[in-house]
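Enquirer: Right, I'll just put the structure down here and ask away after.
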Amino acid sequence: MATAPRQPTKTDQLKEHLYRLISNQLRPGDKLPTERDLAEAFGVSRLTVRRAIDRLESDRLVFRVQGAGTFVSERPITKTIDFTSFTEDMHSRGLAPGSRLLDAVEVPAGARIGFALSISPADPVARIRRVRMADNTPMCLETSHVPLALAPGLLDLPLDGSLYALMESQYRIRPERADQTIRATVLEPEEAELLQTMPLSPALLVERTAFDQRGRAIEVAKSLYRGDRYSYQIAIERA
């Protein structure tokens with residue numbers, strides 16, 4: 001015997017209304033109607049309103065500010081595990097990539113970076129720290145280490161675009177694969193200020209060692225992504 005389809009609850013109906021409101025009329029940063037106004041307009045309890053907003057918040061469509069109300073979130077960006085640069089990611093989503101250079105200096109590789117790059121700890125590397133942007137919104141705090149033996153003069157070149165494209169055009173180094181780890185973390189106050197969000201906000205820490213077409217380690221990078229704007233999408237198959 002066929003089971004009758006579940007009828008949408010009042011919470012479902014209100015969530016759908018708010019979803020359409022967010023999609024068609026409101027912009028990121030706009031404030032939603034108050035719980036009281038929504039309850040009166042739809043003839044439901046404030047608990048029902050709260051549940052609908054909870055669902056929108058879990059979908060990262062809205063965020064709450066205590067004492068101020070509920071606001072529309074910036075649209076999140078989903079990245080696949082494919083080996084692409086930040087610039088390529090943003091272009092593929094119709095967003096304008098950008099960078100704010102924090103510093104670019106020559107430093108000794110040190111034990112950890114030297115081991116990852118298969119060079120001596122005393123060998124020089126370019127350390128490049130940038131805030132990566134999407135449509136002028138800070139998205140990621142990125143620190144890259146590149147061996148200067150492979151890319152002499154790198155620090156004298158413009159560093160506001162794709163580092164991988166620059167390495168390919170100037171040094172014929174083509175990044176082809178990477179070893180990468182991703183873990184959850186929170187933003188320290190200085191990091192949060194650079195990314196224009198709140199201290200202790202959730203973040204994704206991505207650590208990567210990139211290799212070129214000859215199998216050489218060409219970069220060790222640490223990227224700190226805003227957790228409210230970025231997520232990773234992984235396609236998996238059963239063995």
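Each chain in the structure tokens gets a letter, A, B, ..., in the order shown, and its residues are numbered from 1; ligands are numbered from 1 in order too.
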Find the residues around Ser201 in chain A up to 12 Å (only C-alpha atoms counted), leave out those fewer than 6 positions away in its own chain, and share them as a PDB file with N, CA and C atoms, in the first residue's frame.

Expert:
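Written file, around26.pdb:
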ATOM      1  N   ALA A 184      39.666  21.480  10.322  1.00  0.00           N
ATOM      2  CA  ALA A 184      38.909  22.597  10.885  1.00  0.00           C
ATOM      3  C   ALA A 184      39.734  23.311  11.937  1.00  0.00           C
ATOM      4  N   THR A 185      39.539  24.624  12.041  1.00  0.00           N
ATOM      5  CA  THR A 185      40.222  25.418  13.053  1.00  0.00           C
ATOM      6  C   THR A 185      39.377  26.655  13.335  1.00  0.00           C
ATOM      7  N   VAL A 186      39.925  27.572  14.115  1.00  0.00           N
ATOM      8  CA  VAL A 186      39.274  28.865  14.350  1.00  0.00           C
ATOM      9  C   VAL A 186      40.279  29.972  14.080  1.00  0.00           C
ATOM     10  N   LEU A 187      39.780  31.169  13.856  1.00  0.00           N
ATOM     11  CA  LEU A 187      40.633  32.302  13.507  1.00  0.00           C
ATOM     12  C   LEU A 187      41.106  33.028  14.758  1.00  0.00           C
ATOM     13  N   GLU A 188      42.413  33.256  14.823  1.00  0.00           N
ATOM     14  CA  GLU A 188      42.970  34.115  15.859  1.00  0.00           C
ATOM     15  C   GLU A 188      42.576  35.569  15.558  1.00  0.00           C
ATOM     16  N   PRO A 189      42.625  36.441  16.561  1.00  0.00           N
ATOM     17  CA  PRO A 189      42.175  37.828  16.341  1.00  0.00           C
ATOM     18  C   PRO A 189      42.843  38.517  15.152  1.00  0.00           C
ATOM     19  N   GLU A 190      44.166  38.365  14.988  1.00  0.00           N
ATOM     20  CA  GLU A 190      44.853  39.023  13.871  1.00  0.00           C
ATOM     21  C   GLU A 190      44.373  38.454  12.537  1.00  0.00           C
ATOM     22  N   GLU A 191      44.191  37.139  12.470  1.00  0.00           N
ATOM     23  CA  GLU A 191      43.709  36.502  11.240  1.00  0.00           C
ATOM     24  C   GLU A 191      42.293  36.949  10.922  1.00  0.00           C
ATOM     25  N   ALA A 192      41.450  37.009  11.948  1.00  0.00           N
ATOM     26  CA  ALA A 192      40.065  37.434  11.746  1.00  0.00           C
ATOM     27  C   ALA A 192      39.996  38.876  11.243  1.00  0.00           C
ATOM     28  N   GLU A 193      40.866  39.734  11.761  1.00  0.00           N
ATOM     29  CA  GLU A 193      40.874  41.132  11.316  1.00  0.00           C
ATOM     30  C   GLU A 193      41.240  41.227   9.836  1.00  0.00           C
ATOM     31  N   LEU A 195      40.732  38.992   7.597  1.00  0.00           N
ATOM     32  CA  LEU A 195      39.655  38.410   6.796  1.00  0.00           C
ATOM     33  C   LEU A 195      38.311  39.088   7.037  1.00  0.00           C
ATOM     34  N   LEU A 224      44.250  29.664   4.898  1.00  0.00           N
ATOM     35  CA  LEU A 224      43.239  29.717   5.948  1.00  0.00           C
ATOM     36  C   LEU A 224      41.992  30.349   5.356  1.00  0.00           C
ATOM     37  N   TYR A 225      40.941  29.530   5.155  1.00  0.00           N
ATOM     38  CA  TYR A 225      39.715  29.987   4.513  1.00  0.00           C
ATOM     39  C   TYR A 225      38.636  30.302   5.545  1.00  0.00           C
ATOM     40  N   ARG A 226      37.893  31.345   5.305  1.00  0.00           N
ATOM     41  CA  ARG A 226      36.741  31.659   6.147  1.00  0.00           C
ATOM     42  C   ARG A 226      35.723  30.519   6.086  1.00  0.00           C
ATOM     43  N   GLY A 227      35.377  29.985   7.257  1.00  0.00           N
ATOM     44  CA  GLY A 227      34.446  28.867   7.293  1.00  0.00           C
ATOM     45  C   GLY A 227      33.028  29.246   6.910  1.00  0.00           C
ATOM     46  N   ASP A 228      32.674  30.536   7.041  1.00  0.00           N
ATOM     47  CA  ASP A 228      31.316  30.957   6.688  1.00  0.00           C
ATOM     48  C   ASP A 228      31.154  31.177   5.189  1.00  0.00           C
ATOM     49  N   ARG A 229      32.252  31.175   4.441  1.00  0.00           N
ATOM     50  CA  ARG A 229      32.170  31.446   3.012  1.00  0.00           C
ATOM     51  C   ARG A 229      32.695  30.315   2.142  1.00  0.00           C
TER      52      ARG A 229
END

Enquirer: Which residues in range 9-230 of chain A does DSSP call strand (DSSP E)? List them as a ChimeraX atom specification.

Expert: /A:62-65,69-72,77-80,97-108,124-134,137-147,175-186,202-212,217-226,230

Enquirer: Could you pull the residues within 9 Å of Arg36 in chain A, counting only C-alpha atoms, minus those fewer than 2 positions along the same chain, as a PyMOL selection string?

Expert: chain A and resi 33-34+38-41+45-46+49

Enquirer: Could you dump the residues just selected with C-alpha atoms as an mmCIF file, in the first residue's frame?

Expert:
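Dumped to selection_24.cif:
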data_model
loop_
_atom_site.group_PDB
_atom_site.id
_atom_site.type_symbol
_atom_site.label_atom_id
_atom_site.label_comp_id
_atom_site.auth_asym_id
_atom_site.auth_seq_id
_atom_site.Cartn_x
_atom_site.Cartn_y
_atom_site.Cartn_z
ATOM 1 C CA PRO A 33 11.951 40.621 9.535
ATOM 2 C CA THR A 34 11.877 40.091 13.291
ATOM 3 C CA LEU A 38 7.032 36.889 11.040
ATOM 4 C CA ALA A 39 4.924 35.167 13.698
ATOM 5 C CA GLU A 40 2.164 37.763 13.352
ATOM 6 C CA ALA A 41 2.288 37.814 9.540
ATOM 7 C CA SER A 45 4.224 30.792 17.091
ATOM 8 C CA ARG A 46 7.628 32.365 17.594
ATOM 9 C CA VAL A 49 9.672 31.010 13.346
#

Enquirer: Show which residues sit within 8 Å of Ala52 in chain A, as a CSV table (one decimal) with N, CA and C atoms, in the first residue's frame. Count only C-alpha atoms, and ignore same-chain residues fewer than 5 positions away.

Expert:
chain,number,residue,atom,x,y,z
A,11,THR,N,6.6,25.0,9.7
A,11,THR,CA,8.0,25.4,9.7
A,11,THR,C,8.5,25.3,8.3
A,12,ASP,N,8.1,24.2,7.6
A,12,ASP,CA,8.6,24.0,6.2
A,12,ASP,C,8.1,25.2,5.3
A,14,LEU,N,7.2,28.2,6.2
A,14,LEU,CA,7.9,29.5,6.5
A,14,LEU,C,9.3,29.5,6.0
A,15,LYS,N,10.0,28.4,6.1
A,15,LYS,CA,11.4,28.3,5.6
A,15,LYS,C,11.4,28.5,4.1

Enquirer: Tell me, as a list of chain:residue names, which residues lie within 8 Å of Ala126 in chain A, counting only C-alpha atoms; anything in the same chain fewer than 4 positions away does not count.

Expert: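 With the cut-off at 8 Å, the set is A:Ala104, A:Val105, A:Glu106, A:Val107, A:Ser144, A:His145, A:Val146, A:Pro147, A:Leu148, A:Leu154, A:Leu155.
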
Enquirer: Write out, as a PDB file, in the first residue's frame, the residues just selected, with C-alpha atoms.

Expert:
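Once written, result.pdb looks like this:
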ATOM      1  CA  ALA A 104      57.107  38.955   0.423  1.00  0.00           C
ATOM      2  CA  VAL A 105      60.581  38.222   1.788  1.00  0.00           C
ATOM      3  CA  GLU A 106      63.512  35.868   1.428  1.00  0.00           C
ATOM      4  CA  VAL A 107      63.971  33.580   4.443  1.00  0.00           C
ATOM      5  CA  SER A 144      53.384  30.294   0.266  1.00  0.00           C
ATOM      6  CA  HIS A 145      57.021  29.173   0.382  1.00  0.00           C
ATOM      7  CA  VAL A 146      58.804  28.743  -2.968  1.00  0.00           C
ATOM      8  CA  PRO A 147      62.468  27.655  -3.332  1.00  0.00           C
ATOM      9  CA  LEU A 148      64.407  30.520  -4.877  1.00  0.00           C
ATOM     10  CA  LEU A 154      60.473  35.811  -7.941  1.00  0.00           C
ATOM     11  CA  LEU A 155      60.225  38.481  -5.244  1.00  0.00           C
TER      12      LEU A 155
END

Enquirer: Excluding same-chain residues fewer than 3 positions from range 158-161 of chain A, what lies within 7 Å of it counting only C-alpha atoms, as a ChimeraX atom specification?

Expert: /A:98-101

Enquirer: Restricted to N, CA and C atoms, what would the selected residues look like written as a PDB file, in the first residue's frame?

Expert:
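Output file part-v9.pdb follows:
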ATOM      1  N   GLY A  98      41.367  38.467  -6.526  1.00  0.00           N
ATOM      2  CA  GLY A  98      42.296  39.539  -6.225  1.00  0.00           C
ATOM      3  C   GLY A  98      43.167  39.152  -5.050  1.00  0.00           C
ATOM      4  N   SER A  99      44.199  39.941  -4.804  1.00  0.00           N
ATOM      5  CA  SER A  99      45.119  39.678  -3.703  1.00  0.00           C
ATOM      6  C   SER A  99      45.549  40.989  -3.070  1.00  0.00           C
ATOM      7  N   ARG A 100      45.747  40.944  -1.764  1.00  0.00           N
ATOM      8  CA  ARG A 100      46.405  42.047  -1.052  1.00  0.00           C
ATOM      9  C   ARG A 100      47.682  41.489  -0.455  1.00  0.00           C
ATOM     10  N   LEU A 101      48.808  41.968  -0.959  1.00  0.00           N
ATOM     11  CA  LEU A 101      50.099  41.467  -0.512  1.00  0.00           C
ATOM     12  C   LEU A 101      50.408  42.003   0.885  1.00  0.00           C
TER      13      LEU A 101
END

Enquirer: I want to know what sits within 10 Å of Gly69 in chain A, based on only C-alpha atoms, with residues of the same chain fewer than 3 positions away left out; could you give that as a list of chain:residue names?

Expert: A:Lys31, A:Leu32, A:Pro33, A:Thr34, A:Glu35, A:Phe63, A:Arg64, A:Val65, A:Gln66

Enquirer: Just write the chosen residues, all heavy atoms, as a short mmCIF file (atom, residue, chain, number, x, y, z; two decimals), in the first residue's frame.

Expert:
data_model
loop_
_atom_site.label_atom_id
_atom_site.label_comp_id
_atom_site.auth_asym_id
_atom_site.auth_seq_id
_atom_site.Cartn_x
_atom_site.Cartn_y
_atom_site.Cartn_z
N LYS A 31 18.76 42.68 6.64
CA LYS A 31 18.17 42.11 7.84
C LYS A 31 16.83 41.47 7.53
O LYS A 31 16.02 42.01 6.77
CB LYS A 31 17.99 43.21 8.89
CG LYS A 31 17.50 42.71 10.24
CD LYS A 31 17.42 43.86 11.24
CE LYS A 31 16.91 43.39 12.59
NZ LYS A 31 16.83 44.52 13.57
N LEU A 32 16.59 40.29 8.11
CA LEU A 32 15.29 39.63 7.98
C LEU A 32 14.28 40.30 8.89
O LEU A 32 14.64 40.95 9.87
CB LEU A 32 15.41 38.15 8.36
CG LEU A 32 15.61 37.14 7.23
CD1 LEU A 32 16.94 37.40 6.53
CD2 LEU A 32 15.56 35.72 7.77
N PRO A 33 12.97 40.16 8.58
CA PRO A 33 11.95 40.62 9.53
C PRO A 33 12.15 39.96 10.90
O PRO A 33 12.70 38.86 11.00
CB PRO A 33 10.64 40.17 8.89
CG PRO A 33 10.95 40.02 7.43
CD PRO A 33 12.38 39.57 7.36
N THR A 34 11.70 40.63 11.95
CA THR A 34 11.88 40.09 13.29
C THR A 34 11.02 38.84 13.48
O THR A 34 10.06 38.61 12.74
CB THR A 34 11.48 41.13 14.35
OG1 THR A 34 10.07 41.37 14.24
CG2 THR A 34 12.26 42.42 14.16
N GLU A 35 11.37 38.05 14.49
CA GLU A 35 10.58 36.85 14.81
C GLU A 35 9.14 37.24 15.12
O GLU A 35 8.20 36.57 14.70
CB GLU A 35 11.20 36.12 16.00
CG GLU A 35 12.52 35.42 15.67
CD GLU A 35 13.05 34.64 16.87
OE1 GLU A 35 12.35 34.58 17.91
OE2 GLU A 35 14.16 34.08 16.77
N PHE A 63 22.72 34.52 9.29
CA PHE A 63 23.47 34.46 10.55
C PHE A 63 22.81 35.41 11.54
O PHE A 63 22.20 36.41 11.16
CB PHE A 63 24.94 34.82 10.34
CG PHE A 63 25.18 36.24 9.88
CD1 PHE A 63 25.48 37.25 10.79
CD2 PHE A 63 25.13 36.56 8.53
CE1 PHE A 63 25.71 38.55 10.36
CE2 PHE A 63 25.36 37.86 8.09
CZ PHE A 63 25.64 38.86 9.02
N ARG A 64 22.93 35.08 12.81
CA ARG A 64 22.34 35.88 13.87
C ARG A 64 23.39 36.73 14.55
O ARG A 64 24.54 36.31 14.73
CB ARG A 64 21.67 34.97 14.91
CG ARG A 64 20.40 34.26 14.44
CD ARG A 64 19.86 33.40 15.57
NE ARG A 64 18.51 32.90 15.34
CZ ARG A 64 18.23 31.64 15.04
NH1 ARG A 64 19.21 30.77 14.90
NH2 ARG A 64 16.97 31.26 14.87
N VAL A 65 22.98 37.93 14.93
CA VAL A 65 23.80 38.81 15.76
C VAL A 65 22.99 39.12 17.01
O VAL A 65 21.90 39.72 16.90
CB VAL A 65 24.18 40.11 15.03
CG1 VAL A 65 24.99 41.02 15.95
CG2 VAL A 65 24.97 39.80 13.76
N GLN A 66 23.48 38.70 18.16
CA GLN A 66 22.72 38.86 19.39
C GLN A 66 22.39 40.33 19.64
O GLN A 66 23.25 41.20 19.60
CB GLN A 66 23.51 38.30 20.57
CG GLN A 66 22.70 38.23 21.86
CD GLN A 66 23.43 37.47 22.95
OE1 GLN A 66 24.55 37.02 22.76
NE2 GLN A 66 22.78 37.32 24.10
#

Enquirer: Rank A:Tyr171, A:Pro199, A:Leu18, A:Asp30 by their smallest atom-to-atom distance to Ala68 in chain A, using only C-alpha atoms, and report the top residue only.

Expert: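 Comparing A:Tyr171, A:Pro199, A:Leu18, A:Asp30 against Ala68 in chain A, the winner is A:Asp30.
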
Enquirer: Mind listing the helix (DSSP H, G or I) residues of range 20-167 of chain A, per DSSP on the backbone, as JSON, numbers by chain?

Expert: {"A": [20, 21, 22, 23, 24, 35, 36, 37, 38, 39, 40, 41, 42, 46, 47, 48, 49, 50, 51, 52, 53, 54, 55, 56, 57, 58, 86, 87, 88, 89, 90, 91, 92, 110, 111, 112, 113, 114, 115, 116, 117, 154, 155, 156, 163, 164, 165, 166, 167]}

Enquirer: Have a look at A:Ile218, A:Val131, A:Cys140, A:Leu204 and name the one nearest to Ile173 in chain A; count only C-alpha atoms.

Expert: A:Ile218

Enquirer: Out of A:Ile119, A:Leu102, A:Ile113, A:Ile22, which residue has the shortest atom-to-atom distance to Arg208 in chain A when counting only C-alpha atoms?

Expert: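 Going through A:Ile119, A:Leu102, A:Ile113, A:Ile22 one by one, the smallest distance to Arg208 in chain A is for A:Ile113.
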
Enquirer: Could you work out how far CA of Pro152 in chain A lies from CA of Ala178 in chain A, giving the answer in Å with one decimal?

Expert: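 Interatomic distance here is 22.0 Å.
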